[in-house]
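For reference, run10.cif is printed below; it contains mmCIF, C-alpha atoms and all ligand atoms.
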data_input
#
loop_
_atom_site.label_atom_id
_atom_site.label_comp_id
_atom_site.auth_asym_id
_atom_site.auth_seq_id
_atom_site.Cartn_x
_atom_site.Cartn_y
_atom_site.Cartn_z
CA MET A 196 133.51 104.03 120.56
CA SER A 197 130.66 106.38 121.41
CA LYS A 198 128.09 106.80 118.67
CA ILE A 199 128.19 109.65 116.16
CA LYS A 200 125.12 111.81 116.52
CA ILE A 201 123.71 112.68 113.12
CA ILE A 202 120.72 114.96 112.65
CA CYS A 203 118.89 114.48 109.36
CA ALA A 204 116.77 117.56 108.72
CA VAL A 205 113.75 117.50 106.41
CA GLY A 206 111.27 120.26 105.68
CA THR A 207 109.36 119.66 102.47
CA ARG A 208 108.09 116.75 100.38
CA PRO A 209 111.10 116.41 98.04
CA GLU A 210 113.57 116.63 100.93
CA ALA A 211 111.80 113.77 102.69
CA ILE A 212 111.76 111.64 99.52
CA LYS A 213 115.46 112.22 98.88
CA MET A 214 116.57 111.95 102.52
CA ALA A 215 114.51 108.82 103.26
CA PRO A 216 117.09 106.43 101.71
CA VAL A 217 119.88 108.20 103.65
CA ILE A 218 117.97 108.09 106.94
CA LEU A 219 117.06 104.41 106.48
CA ALA A 220 120.66 103.50 105.54
CA LEU A 221 122.11 105.43 108.50
CA LYS A 222 119.69 103.75 110.88
CA GLN A 223 121.28 100.41 109.91
CA GLN A 224 124.69 101.60 111.12
CA PRO A 225 125.71 100.55 114.64
CA TRP A 226 128.01 103.58 114.94
CA ALA A 227 125.31 106.17 114.10
CA ASP A 228 122.81 107.75 116.46
CA VAL A 229 120.31 109.14 113.94
CA ARG A 230 117.91 111.91 114.93
CA VAL A 231 115.27 112.93 112.38
CA LEU A 232 114.42 116.61 112.57
CA ALA A 233 111.23 117.62 110.75
CA THR A 234 111.02 121.37 110.41
CA ALA A 235 107.63 120.73 108.79
CA GLN A 236 108.04 123.69 106.47
CA HIS A 237 105.49 121.52 104.64
CA ARG A 238 103.00 119.83 106.95
CA GLY A 239 100.68 117.51 105.00
CA LEU A 240 103.10 116.84 102.14
CA LEU A 241 105.96 116.02 104.50
CA ASP A 242 103.87 113.72 106.69
CA GLN A 243 102.66 111.79 103.62
CA VAL A 244 106.23 110.91 102.66
CA LEU A 245 107.56 110.16 106.15
CA THR A 246 104.62 107.83 106.79
CA PHE A 247 105.18 106.06 103.47
CA PHE A 248 108.85 105.37 104.30
CA GLY A 249 108.05 104.48 107.94
CA ILE A 250 110.12 107.34 109.37
CA GLU A 251 109.02 109.05 112.58
CA PRO A 252 110.55 112.43 113.42
CA ASP A 253 112.38 112.66 116.75
CA ILE A 254 111.96 116.44 116.73
CA ASP A 255 109.14 118.31 114.97
CA LEU A 256 109.21 122.10 114.69
CA ASN A 257 105.77 122.33 113.04
CA ILE A 258 106.84 125.51 111.24
CA MET A 259 104.31 125.72 108.39
CA ARG A 260 101.82 128.58 108.33
CA PRO A 261 99.28 129.24 105.55
CA ASN A 262 100.80 131.07 102.58
CA GLN A 263 104.05 131.67 104.47
CA ALA A 264 106.34 134.50 103.34
CA LEU A 265 110.04 133.84 102.80
CA THR A 266 111.34 136.28 105.40
CA THR A 267 109.16 135.10 108.26
CA LEU A 268 109.73 131.47 107.30
CA THR A 269 113.50 132.04 107.35
CA ALA A 270 113.47 133.95 110.63
CA ARG A 271 111.30 131.41 112.42
CA LEU A 272 113.34 128.48 111.12
CA LEU A 273 116.62 130.02 112.26
CA LEU A 274 115.37 130.65 115.78
CA GLU A 275 113.95 127.16 116.14
CA LEU A 276 117.01 125.47 114.63
CA ASP A 277 119.24 127.42 116.97
CA GLU A 278 117.47 125.91 119.97
CA VAL A 279 117.62 122.40 118.52
CA LEU A 280 121.36 122.60 117.89
CA LEU A 281 122.00 124.00 121.36
CA ALA A 282 120.04 121.19 122.96
CA GLU A 283 121.14 118.31 120.72
CA LYS A 284 124.78 119.21 119.95
CA PRO A 285 125.03 116.80 117.01
CA ASP A 286 128.36 115.75 115.49
CA VAL A 287 126.97 116.39 112.00
CA LEU A 288 123.79 117.60 110.35
CA LEU A 289 122.63 116.46 106.90
CA ALA A 290 120.06 118.20 104.74
CA GLN A 291 119.08 117.88 101.08
CA GLY A 292 118.49 120.37 98.33
CA ASP A 293 117.69 124.06 98.18
CA THR A 294 114.69 124.92 100.31
CA THR A 295 114.56 127.50 103.09
CA THR A 296 114.89 124.64 105.58
CA VAL A 297 118.22 123.65 104.02
CA MET A 298 119.64 127.16 103.80
CA THR A 299 118.74 127.98 107.42
CA ALA A 300 120.00 124.60 108.64
CA ALA A 301 123.38 125.27 106.99
CA LEU A 302 123.55 128.74 108.53
CA ALA A 303 122.55 127.55 112.01
CA CYS A 304 125.21 124.81 111.79
CA PHE A 305 127.80 127.42 110.81
CA TYR A 306 126.96 129.53 113.87
CA HIS A 307 127.32 126.48 116.12
CA HIS A 308 130.46 125.08 114.41
CA ILE A 309 128.62 121.89 113.49
CA PRO A 310 129.74 120.18 110.24
CA PHE A 311 127.00 120.37 107.62
CA GLY A 312 126.65 117.72 104.91
CA HIS A 313 124.84 118.92 101.81
CA VAL A 314 122.95 116.22 99.93
CA GLU A 315 122.27 117.07 96.26
CA ALA A 316 125.05 119.64 96.22
CA GLY A 317 126.29 121.74 93.33
CA LEU A 318 123.15 122.24 91.25
CA ARG A 319 123.32 125.68 89.65
CA THR A 320 121.63 127.75 86.95
CA TRP A 321 124.00 130.68 87.71
CA ASP A 322 120.92 132.92 87.75
CA MET A 323 119.92 134.09 91.25
CA GLN A 324 116.33 134.82 90.16
CA ASN A 325 115.74 131.38 88.60
CA PRO A 326 114.72 129.35 90.40
CA PHE A 327 113.76 131.79 93.14
CA PRO A 328 114.73 131.53 95.96
CA GLU A 329 116.33 128.12 95.46
CA GLU A 330 119.47 129.25 93.60
CA ALA A 331 120.42 131.52 96.52
CA ASN A 332 119.51 128.84 99.06
CA ARG A 333 121.82 126.25 97.51
CA VAL A 334 124.67 128.69 96.95
CA ILE A 335 124.55 129.65 100.66
CA ALA A 336 124.23 126.03 101.80
CA GLY A 337 127.08 125.03 99.49
CA ARG A 338 129.36 127.77 100.72
CA LEU A 339 128.91 126.58 104.30
CA ALA A 340 129.04 122.82 103.73
CA ARG A 341 131.75 120.53 105.06
CA TRP A 342 130.72 117.74 102.64
CA HIS A 343 129.18 118.23 99.21
CA PHE A 344 127.34 115.09 98.12
CA ALA A 345 127.06 115.95 94.43
CA PRO A 346 124.66 113.96 92.25
CA THR A 347 126.60 114.25 88.97
CA GLU A 348 130.01 115.13 87.58
CA GLY A 349 128.45 118.36 86.28
CA SER A 350 127.43 119.40 89.79
CA ARG A 351 130.94 118.56 90.99
CA GLN A 352 132.35 120.87 88.32
CA ASN A 353 129.99 123.66 89.46
CA LEU A 354 131.32 123.36 93.01
CA LEU A 355 134.95 123.40 91.86
CA ARG A 356 134.19 126.55 89.84
CA GLU A 357 132.98 128.17 93.07
CA GLY A 358 136.17 127.19 94.86
CA ALA A 359 134.98 124.23 96.93
CA PRO A 360 137.93 121.95 97.79
CA ASP A 361 138.01 118.87 95.57
CA SER A 362 138.50 116.65 98.62
CA ASP A 363 135.17 117.82 100.12
CA ILE A 364 133.13 116.88 97.01
CA ILE A 365 131.89 113.34 96.54
CA VAL A 366 129.87 112.34 93.48
CA THR A 367 127.24 110.01 94.91
CA GLY A 368 124.37 110.08 92.42
CA ASN A 369 121.04 111.52 93.44
CA THR A 370 119.25 109.67 96.23
CA VAL A 371 115.96 110.35 94.43
CA ILE A 372 116.82 107.30 92.31
CA ASP A 373 117.36 105.24 95.48
CA ALA A 374 113.87 106.28 96.63
CA LEU A 375 112.37 105.60 93.22
CA LEU A 376 113.86 102.09 93.02
CA MET A 377 112.74 101.32 96.59
CA THR A 378 109.22 102.37 95.56
CA ALA A 379 108.85 101.29 91.95
CA ASP A 380 109.35 97.65 93.01
CA ARG A 381 106.35 97.76 95.30
CA GLU A 382 102.78 97.01 94.24
CA LEU A 383 101.68 100.46 93.07
CA GLU A 384 98.05 101.57 93.08
CA LEU A 385 97.19 104.89 91.49
CA GLY A 386 93.84 104.98 93.29
CA ILE A 387 92.20 107.21 90.65
CA GLU A 388 89.75 105.99 88.00
CA LEU A 389 91.29 106.53 84.57
CA ASP A 390 90.13 105.35 81.17
CA PRO A 391 92.56 102.51 80.32
CA ALA A 392 92.12 103.17 76.59
CA LYS A 393 93.23 106.80 76.78
CA ARG A 394 96.75 108.17 76.97
CA LEU A 395 97.63 110.11 80.13
CA VAL A 396 99.39 113.46 80.43
CA LEU A 397 100.58 114.11 83.99
CA ILE A 398 101.07 117.69 85.18
CA THR A 399 102.71 119.27 88.25
CA SER A 400 103.67 122.88 88.90
CA HIS A 401 104.67 124.90 91.95
CA ARG A 402 107.63 127.25 91.22
CA ARG A 403 107.51 130.63 92.94
CA GLU A 404 109.01 132.48 89.96
CA ASN A 405 106.02 131.29 87.87
CA PHE A 406 103.37 132.69 90.24
CA GLY A 407 100.96 135.13 88.59
CA ALA A 408 100.84 135.53 84.80
CA PRO A 409 103.28 132.69 83.94
CA PHE A 410 101.27 130.19 85.97
CA ARG A 411 98.06 131.37 84.30
CA ASN A 412 99.76 130.73 80.92
CA ILE A 413 100.60 127.21 82.02
CA CYS A 414 96.99 126.53 83.02
CA ARG A 415 95.62 128.03 79.80
CA ALA A 416 97.97 125.82 77.78
CA VAL A 417 96.75 122.70 79.60
CA GLN A 418 93.18 123.80 79.01
CA THR A 419 93.83 124.23 75.27
CA LEU A 420 95.54 120.83 75.03
CA ALA A 421 92.62 119.19 76.81
CA GLU A 422 90.10 120.81 74.44
CA ARG A 423 92.09 119.83 71.32
CA ASN A 424 92.65 116.25 72.51
CA PRO A 425 89.42 114.81 73.90
CA ASP A 426 90.92 111.31 73.46
CA VAL A 427 93.70 112.12 75.98
CA GLN A 428 93.25 112.48 79.75
CA PHE A 429 95.11 115.00 81.85
CA LEU A 430 95.89 114.33 85.52
CA TYR A 431 97.06 117.24 87.65
CA PRO A 432 97.75 116.69 91.38
CA VAL A 433 97.64 120.31 92.53
CA HIS A 434 100.27 121.66 94.93
CA PRO A 435 98.60 123.10 98.08
CA ASN A 436 100.35 126.48 97.85
CA PRO A 437 97.38 128.91 97.54
CA ASN A 438 99.18 130.80 94.72
CA VAL A 439 98.94 127.58 92.72
CA LYS A 440 95.82 125.89 93.97
CA ASP A 441 93.41 128.83 93.67
CA VAL A 442 94.44 129.61 90.08
CA ALA A 443 94.52 125.96 88.93
CA TYR A 444 90.99 125.33 90.19
CA GLU A 445 89.77 128.64 88.76
CA ILE A 446 91.09 128.03 85.22
CA LEU A 447 90.94 124.25 84.86
CA ASP A 448 88.10 122.82 86.86
CA ALA A 449 85.36 122.80 84.22
CA SER A 450 86.95 120.50 81.68
CA SER A 451 85.84 116.88 81.55
CA ASN A 452 89.15 115.25 80.51
CA ILE A 453 91.18 117.17 83.13
CA HIS A 454 91.35 115.46 86.51
CA LEU A 455 92.44 117.83 89.27
CA CYS A 456 93.26 116.16 92.56
CA GLU A 457 95.03 116.66 95.87
CA PRO A 458 98.79 115.93 95.88
CA LEU A 459 99.27 112.20 95.51
CA ASP A 460 101.15 110.11 98.01
CA TYR A 461 104.56 109.11 96.70
CA ALA A 462 103.65 105.55 95.63
CA PRO A 463 100.51 106.60 93.72
CA PHE A 464 102.49 109.41 92.14
CA VAL A 465 105.15 106.96 90.95
CA ALA A 466 102.28 104.83 89.59
CA ALA A 467 100.95 107.91 87.77
CA MET A 468 104.38 108.61 86.25
CA LYS A 469 104.63 104.99 85.09
CA ARG A 470 101.11 105.12 83.63
CA SER A 471 101.69 108.45 81.87
CA TYR A 472 102.52 109.00 78.21
CA LEU A 473 103.98 112.44 78.75
CA ILE A 474 104.77 114.62 81.80
CA ILE A 475 104.54 118.41 81.91
CA SER A 476 106.19 119.76 85.06
CA ASP A 477 108.42 122.37 86.70
CA SER A 478 109.43 119.98 89.47
CA GLY A 479 113.08 119.23 90.12
CA GLY A 480 112.46 115.73 91.39
CA VAL A 481 110.21 114.81 88.49
CA GLN A 482 112.92 115.89 86.00
CA GLU A 483 115.17 113.30 87.64
CA GLU A 484 112.67 110.47 88.07
CA ALA A 485 110.85 110.58 84.73
CA PRO A 486 113.90 109.85 82.52
CA ALA A 487 114.64 106.79 84.65
CA LEU A 488 111.09 105.62 83.91
CA GLY A 489 111.44 106.39 80.19
CA LYS A 490 108.89 109.22 80.26
CA PRO A 491 109.44 112.46 78.30
CA VAL A 492 109.17 115.66 80.34
CA LEU A 493 108.34 119.14 79.09
CA VAL A 494 109.77 121.47 81.74
CA LEU A 495 107.79 124.63 82.48
CA ARG A 496 110.93 126.71 82.93
CA ASP A 497 113.42 128.59 80.73
CA GLU A 498 116.49 127.16 82.45
CA THR A 499 117.35 124.19 84.59
CA GLU A 500 120.02 123.18 87.07
CA ARG A 501 119.56 119.63 85.77
CA PRO A 502 121.02 119.91 82.24
CA GLU A 503 122.04 116.26 81.88
CA ALA A 504 118.66 114.93 80.73
CA VAL A 505 118.11 117.95 78.48
CA GLU A 506 121.48 117.30 76.82
CA GLN A 507 120.49 113.68 76.27
CA GLY A 508 117.26 114.79 74.62
CA VAL A 509 114.75 113.19 77.01
CA VAL A 510 113.72 116.41 78.78
CA LYS A 511 112.85 119.66 76.97
CA LEU A 512 112.53 123.21 78.32
CA VAL A 513 109.33 124.93 77.18
CA GLY A 514 109.16 127.75 79.75
CA PRO A 515 105.90 128.96 81.25
CA ASN A 516 105.11 129.86 77.63
CA TYR A 517 101.61 129.15 76.28
CA GLU A 518 102.60 128.61 72.61
CA ARG A 519 105.62 126.44 73.35
CA ILE A 520 103.79 124.23 75.81
CA VAL A 521 100.89 123.67 73.41
CA HIS A 522 103.15 123.17 70.37
CA GLU A 523 105.63 120.75 71.98
CA ALA A 524 102.99 118.70 73.79
CA GLN A 525 100.87 118.44 70.64
CA ARG A 526 103.93 117.36 68.65
CA LEU A 527 104.64 114.55 71.10
CA LEU A 528 101.00 113.47 71.07
CA ASP A 529 100.85 113.42 67.25
CA ASP A 530 104.32 112.37 66.10
CA GLU A 531 105.28 108.90 67.29
CA SER A 532 108.90 109.04 66.13
CA ALA A 533 109.46 112.40 67.92
CA TYR A 534 107.87 110.83 70.99
CA LEU A 535 110.03 107.68 70.87
CA GLU A 536 113.19 109.76 70.62
CA MET A 537 112.33 111.28 74.00
CA ALA A 538 110.91 108.17 75.62
CA ARG A 539 114.24 106.45 76.17
CA GLY A 540 114.91 105.11 79.66
CA ILE A 541 118.13 106.70 80.93
CA SER A 542 119.23 107.60 84.44
CA PRO A 543 121.79 110.40 84.38
CA TYR A 544 121.08 111.30 88.01
CA GLY A 545 121.85 108.12 89.87
CA ASP A 546 122.10 104.35 90.09
CA GLY A 547 120.18 103.78 93.32
CA HIS A 548 123.29 103.59 95.55
CA GLY A 549 123.59 107.27 96.50
CA ALA A 550 122.66 106.78 100.14
CA GLU A 551 125.25 103.98 100.59
CA ARG A 552 128.00 106.28 99.30
CA ILE A 553 126.99 109.08 101.67
CA VAL A 554 126.98 106.71 104.63
CA GLU A 555 130.39 105.37 103.63
CA VAL A 556 131.92 108.87 103.55
CA LEU A 557 130.66 109.58 107.07
CA ARG A 558 131.71 106.15 108.35
CA GLU A 559 135.25 106.61 107.05
CA HIS A 560 135.48 110.15 108.37
CA PHE A 561 134.43 109.27 111.91
CA ALA A 562 136.17 105.87 112.05
C1 LIG B 601 108.74 124.68 98.81
C2 LIG B 601 110.20 125.11 98.57
C3 LIG B 601 110.62 124.76 97.15
C4 LIG B 601 110.35 123.30 96.85
C5 LIG B 601 108.89 122.98 97.15
C6 LIG B 601 108.61 121.50 96.97
C7 LIG B 601 111.08 127.13 99.68
C8 LIG B 601 111.06 128.60 99.75
N1 LIG B 601 110.30 126.55 98.74
O1 LIG B 601 107.91 125.48 97.97
O2 LIG B 601 112.00 125.03 96.98
O3 LIG B 601 110.65 123.04 95.50
O4 LIG B 601 108.59 123.32 98.50
O5 LIG B 601 107.23 121.26 96.92
O6 LIG B 601 111.77 126.50 100.45
N2 LIG B 601 101.22 124.13 101.90
C9 LIG B 601 100.23 123.39 102.52
N3 LIG B 601 100.52 122.11 102.89
C10 LIG B 601 101.72 121.53 102.66
C11 LIG B 601 102.72 122.27 102.01
C12 LIG B 601 102.46 123.57 101.64
O7 LIG B 601 99.14 123.88 102.74
O8 LIG B 601 101.91 120.37 103.02
C13 LIG B 601 100.93 125.54 101.52
C14 LIG B 601 100.96 126.46 102.76
O9 LIG B 601 99.99 127.47 102.59
C15 LIG B 601 102.38 127.05 102.71
C16 LIG B 601 102.54 127.20 101.21
O10 LIG B 601 101.95 126.02 100.64
O11 LIG B 601 102.51 128.27 103.41
C17 LIG B 601 103.93 127.40 100.73
O12 LIG B 601 104.85 126.44 101.27
P1 LIG B 601 106.44 126.72 101.13
O13 LIG B 601 107.17 125.55 101.68
O14 LIG B 601 106.77 128.05 101.67
O15 LIG B 601 106.65 126.85 99.57
P2 LIG B 601 106.41 125.82 98.40
O16 LIG B 601 105.85 126.60 97.27
O17 LIG B 601 105.70 124.64 98.88
N1 LIG B 602 105.43 113.95 94.09
C1 LIG B 602 104.51 113.24 94.86
N2 LIG B 602 103.17 113.52 94.72
C2 LIG B 602 102.71 114.48 93.87
C3 LIG B 602 103.67 115.21 93.11
C4 LIG B 602 105.02 114.92 93.25
O1 LIG B 602 104.87 112.37 95.64
O2 LIG B 602 101.48 114.67 93.79
C5 LIG B 602 106.88 113.66 94.26
C6 LIG B 602 107.68 113.42 93.00
O3 LIG B 602 107.71 112.05 92.68
C7 LIG B 602 109.05 113.97 93.35
C8 LIG B 602 108.78 115.04 94.39
O4 LIG B 602 107.44 114.82 94.84
O5 LIG B 602 109.88 112.99 93.96
C9 LIG B 602 108.91 116.40 93.79
O6 LIG B 602 108.45 117.36 94.68
P1 LIG B 602 108.10 118.83 94.23
O7 LIG B 602 107.76 118.87 92.79
O8 LIG B 602 107.09 119.33 95.21
O9 LIG B 602 109.44 119.62 94.53
P2 LIG B 602 110.81 119.84 93.72
O10 LIG B 602 111.35 118.52 93.34
O11 LIG B 602 110.49 120.72 92.54
O12 LIG B 602 111.66 120.58 94.71
#
Would you mind writing the file's structure down as structure tokens?
Amino acid sequence: MSKIKIICAVGTRPEAIKMAPVILALKQQPWADVRVLATAQHRGLLDQVLTFFGIEPDIDLNIMRPNQALTTLTARLLLELDEVLLAEKPDVLLAQGDTTTVMTAALACFYHHIPFGHVEAGLRTWDMQNPFPEEANRVIAGRLARWHFAPTEGSRQNLLREGAPDSDIIVTGNTVIDALLMTADRELELGIELDPAKRLVLITSHRRENFGAPFRNICRAVQTLAERNPDVQFLYPVHPNPNVKDVAYEILDASSNIHLCEPLDYAPFVAAMKRSYLIISDSGGVQEEAPALGKPVLVLRDETERPEAVEQGVVKLVGPNYERIVHEAQRLLDDESAYLEMARGISPYGDGHGAERIVEVLREHFA
């Protein structure tokens, strides 16, 4: 039997983290000819992850430009993907999540009649503006997908509500947990000097809908928390998007118990999550990883497409809202029983076998 040609497309940091277990599992399959396509919508952040997992792209579109706008990013991606699909003619293309890379990959596959497998399918807030533009990206990708690899039963229900055929939806768990388990077992070095006697609050933020005043509120809240809690240290690996980085360094740099740093490589970031007392973040991936590590997360958003951990009480939405961030973080720092209620290790998003299930679906289909 001739091999099945599978393109695995990755553009940004979280896509690479969540696709790495799938790529590595597919590469073990004698029937699969795996081609890794890096759009490099992210450059540095993507390379960090691919290097960590020992994955070398077969095709690299080197798309990223400084402070790229959504329309030009989309247009350039579509043109480049078109050429790749014409040249490569894969039997299937897989992509993960809700970035512009994923949406354009699904659309380019549709134009070329190439089956598209959507990893992390069916996440919805049902609000097109939140998160922006990700809700639209995943709705489009979902509408065009041949296979929906849904992380949870809730995401499966979302897809059914949109009319996706039941037979095309497979609940696999989120491959972020596969990546986390592959990593958390390794010897982890944070590589940053922290005071071992002090508790750590870890912060990340990058959402486009928070740019401007909401992101300034977030930074001011962190600043206030740092001033009120000199016995706590705050670590914030700053996302390189200039809309984030410039403001974070402007508002937060002066304070002595706030450590601002470049984005951490994946293993040091996992070490930072494990070392942390509390996490404040608007990241999708972090909302999935932190509960599995037993770390409470305050989410800097008013809604989430990942309701499972919120329903179980280990993740709380505080919005990009100054008062709520300060109040909820302070409560968790001061009230041990409130903290312990949120610091329960649960893993509603996966069991570490998501990639195996995805591979099995493809193997059976092409057998
Ligand atoms: C993108 C995704 C978002 C995802 C996030 C994960 C879109 C529209 N957005 O947001 O869904 O949650 O990645 O982090 O798909 N930059 C660098 N180096 C890098 C990466 C980014 O300098 O390695 C800077 C560049 O100036 C770039 C800018 O950040 O133009 C924005 O990158 P982009 O991918 O468009 O948006 P993100 O905010 O990173
Ligand atoms: N992450 C990382 N280094 C950092 C911050 C985050 O490796 O400095 C990882 C984190 O563990 C998670 C992923 O990046 O798996 C989340 O990416 P991001 O927040 O950029 O995107 P989102 O998940 O919101 O799409």
**OP:** Would you list the residues near (123.1, 108.7, 93.3), meaning any protein, DNA or RNA residue with an atom at most 10 Å from that point in file coordinates, counting all atoms listed in the file, as a PyMOL selection string?
**Re:** chain A and resi 315+344-347+366-373+542-553
Subject >> Protein and nucleic residues near ligand LIG 602 (chain B), 6 Å, only C-alpha atoms and all ligand atoms, as a ChimeraX atom specification >> reply: /A:208-209,432,458-461,464-465,478-481
Original post:
Counting all atoms listed in the file, what is within 12 Å of His560 (chain A), bar same-chain residues fewer than 6 positions away, as a list of chain:residue names?
Top reply: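 Final neighbour list, sorted by chain and number: A:Ile199, A:Trp226, A:Asp286, A:Val287, A:Pro310, A:Arg341, A:Trp342, A:Asp363, A:Ile553, A:Val554.
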With C-alpha atoms retained, write the just-selected residues as an mmCIF file, in the coordinates of the input.
data_model
loop_
_atom_site.group_PDB
_atom_site.id
_atom_site.type_symbol
_atom_site.label_atom_id
_atom_site.label_comp_id
_atom_site.auth_asym_id
_atom_site.auth_seq_id
_atom_site.Cartn_x
_atom_site.Cartn_y
_atom_site.Cartn_z
ATOM 1 C CA ILE A 199 128.190 109.650 116.160
ATOM 2 C CA TRP A 226 128.010 103.580 114.940
ATOM 3 C CA ASP A 286 128.360 115.750 115.490
ATOM 4 C CA VAL A 287 126.970 116.390 112.000
ATOM 5 C CA PRO A 310 129.740 120.180 110.240
ATOM 6 C CA ARG A 341 131.750 120.530 105.060
ATOM 7 C CA TRP A 342 130.720 117.740 102.640
ATOM 8 C CA ASP A 363 135.170 117.820 100.120
ATOM 9 C CA ILE A 553 126.990 109.080 101.670
ATOM 10 C CA VAL A 554 126.980 106.710 104.630
#
Original post:
So which residues touch region 420-431 of chain A within 9 Å, counting all atoms listed in the file, skipping near sequence neighbours fewer than 6 positions away, as JSON, numbers by chain?
Top reply: {"A": [389, 390, 392, 393, 394, 395, 396, 397, 398, 399, 400, 450, 451, 452, 453, 454, 455, 456, 457, 458, 467, 520, 521, 524, 525, 528]}
I need the chosen residues saved as a CSV table (one decimal), in the coordinates of the input, with C-alpha atoms.
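The resulting file, selection27.csv, is reproduced below:
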chain,number,residue,atom,x,y,z
A,389,LEU,CA,91.3,106.5,84.6
A,390,ASP,CA,90.1,105.4,81.2
A,392,ALA,CA,92.1,103.2,76.6
A,393,LYS,CA,93.2,106.8,76.8
A,394,ARG,CA,96.8,108.2,77.0
A,395,LEU,CA,97.6,110.1,80.1
A,396,VAL,CA,99.4,113.5,80.4
A,397,LEU,CA,100.6,114.1,84.0
A,398,ILE,CA,101.1,117.7,85.2
A,399,THR,CA,102.7,119.3,88.2
A,400,SER,CA,103.7,122.9,88.9
A,450,SER,CA,87.0,120.5,81.7
A,451,SER,CA,85.8,116.9,81.6
A,452,ASN,CA,89.2,115.2,80.5
A,453,ILE,CA,91.2,117.2,83.1
A,454,HIS,CA,91.4,115.5,86.5
A,455,LEU,CA,92.4,117.8,89.3
A,456,CYS,CA,93.3,116.2,92.6
A,457,GLU,CA,95.0,116.7,95.9
A,458,PRO,CA,98.8,115.9,95.9
A,467,ALA,CA,101.0,107.9,87.8
A,520,ILE,CA,103.8,124.2,75.8
A,521,VAL,CA,100.9,123.7,73.4
A,524,ALA,CA,103.0,118.7,73.8
A,525,GLN,CA,100.9,118.4,70.6
A,528,LEU,CA,101.0,113.5,71.1
**OP:** Name each residue within 9 Å of ligand LIG 601 (chain B), counting all atoms listed in the file, as a VMD selection string.
**Re:** chain A and resid 206 to 210 235 to 243 259 to 265 268 to 269 292 to 298 326 to 329 332 400 to 403 434 to 439 458 478 to 480
Those selected residues, please, written with C-alpha atoms and delivered as an mmCIF file, keeping the file's coordinate frame.
data_model
loop_
_atom_site.group_PDB
_atom_site.id
_atom_site.type_symbol
_atom_site.label_atom_id
_atom_site.label_comp_id
_atom_site.auth_asym_id
_atom_site.auth_seq_id
_atom_site.Cartn_x
_atom_site.Cartn_y
_atom_site.Cartn_z
ATOM 1 C CA GLY A 206 111.270 120.260 105.680
ATOM 2 C CA THR A 207 109.360 119.660 102.470
ATOM 3 C CA ARG A 208 108.090 116.750 100.380
ATOM 4 C CA PRO A 209 111.100 116.410 98.040
ATOM 5 C CA GLU A 210 113.570 116.630 100.930
ATOM 6 C CA ALA A 235 107.630 120.730 108.790
ATOM 7 C CA GLN A 236 108.040 123.690 106.470
ATOM 8 C CA HIS A 237 105.490 121.520 104.640
ATOM 9 C CA ARG A 238 103.000 119.830 106.950
ATOM 10 C CA GLY A 239 100.680 117.510 105.000
ATOM 11 C CA LEU A 240 103.100 116.840 102.140
ATOM 12 C CA LEU A 241 105.960 116.020 104.500
ATOM 13 C CA ASP A 242 103.870 113.720 106.690
ATOM 14 C CA GLN A 243 102.660 111.790 103.620
ATOM 15 C CA MET A 259 104.310 125.720 108.390
ATOM 16 C CA ARG A 260 101.820 128.580 108.330
ATOM 17 C CA PRO A 261 99.280 129.240 105.550
ATOM 18 C CA ASN A 262 100.800 131.070 102.580
ATOM 19 C CA GLN A 263 104.050 131.670 104.470
ATOM 20 C CA ALA A 264 106.340 134.500 103.340
ATOM 21 C CA LEU A 265 110.040 133.840 102.800
ATOM 22 C CA LEU A 268 109.730 131.470 107.300
ATOM 23 C CA THR A 269 113.500 132.040 107.350
ATOM 24 C CA GLY A 292 118.490 120.370 98.330
ATOM 25 C CA ASP A 293 117.690 124.060 98.180
ATOM 26 C CA THR A 294 114.690 124.920 100.310
ATOM 27 C CA THR A 295 114.560 127.500 103.090
ATOM 28 C CA THR A 296 114.890 124.640 105.580
ATOM 29 C CA VAL A 297 118.220 123.650 104.020
ATOM 30 C CA MET A 298 119.640 127.160 103.800
ATOM 31 C CA PRO A 326 114.720 129.350 90.400
ATOM 32 C CA PHE A 327 113.760 131.790 93.140
ATOM 33 C CA PRO A 328 114.730 131.530 95.960
ATOM 34 C CA GLU A 329 116.330 128.120 95.460
ATOM 35 C CA ASN A 332 119.510 128.840 99.060
ATOM 36 C CA SER A 400 103.670 122.880 88.900
ATOM 37 C CA HIS A 401 104.670 124.900 91.950
ATOM 38 C CA ARG A 402 107.630 127.250 91.220
ATOM 39 C CA ARG A 403 107.510 130.630 92.940
ATOM 40 C CA HIS A 434 100.270 121.660 94.930
ATOM 41 C CA PRO A 435 98.600 123.100 98.080
ATOM 42 C CA ASN A 436 100.350 126.480 97.850
ATOM 43 C CA PRO A 437 97.380 128.910 97.540
ATOM 44 C CA ASN A 438 99.180 130.800 94.720
ATOM 45 C CA VAL A 439 98.940 127.580 92.720
ATOM 46 C CA PRO A 458 98.790 115.930 95.880
ATOM 47 C CA SER A 478 109.430 119.980 89.470
ATOM 48 C CA GLY A 479 113.080 119.230 90.120
ATOM 49 C CA GLY A 480 112.460 115.730 91.390
#
**OP:** Between CA of Leu276 (chain A) and CA of Ala303 (chain A), measure the distance and give it in Å to one decimal.
**Re:**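 Going from CA of Leu276 (chain A) over to CA of Ala303 (chain A) covers 6.5 Å.
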**OP:** Enumerate, as a PyMOL selection string, the protein, DNA and RNA residues whose atoms approach (114.2, 122.1, 117.7) to within 9 Å, taking into account all atoms listed in the file and the coordinate frame of the file.
**Re:** chain A and resi 232-234+254-256+274-283
Original post:
For Asp228 (chain A), which residue among A:Glu357, A:Lys213, A:Pro285, A:Ala204 is the nearest when counting only C-alpha atoms?
Top reply: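 Of A:Glu357, A:Lys213, A:Pro285, A:Ala204, the one nearest Asp228 (chain A), counting only C-alpha atoms, is A:Pro285.
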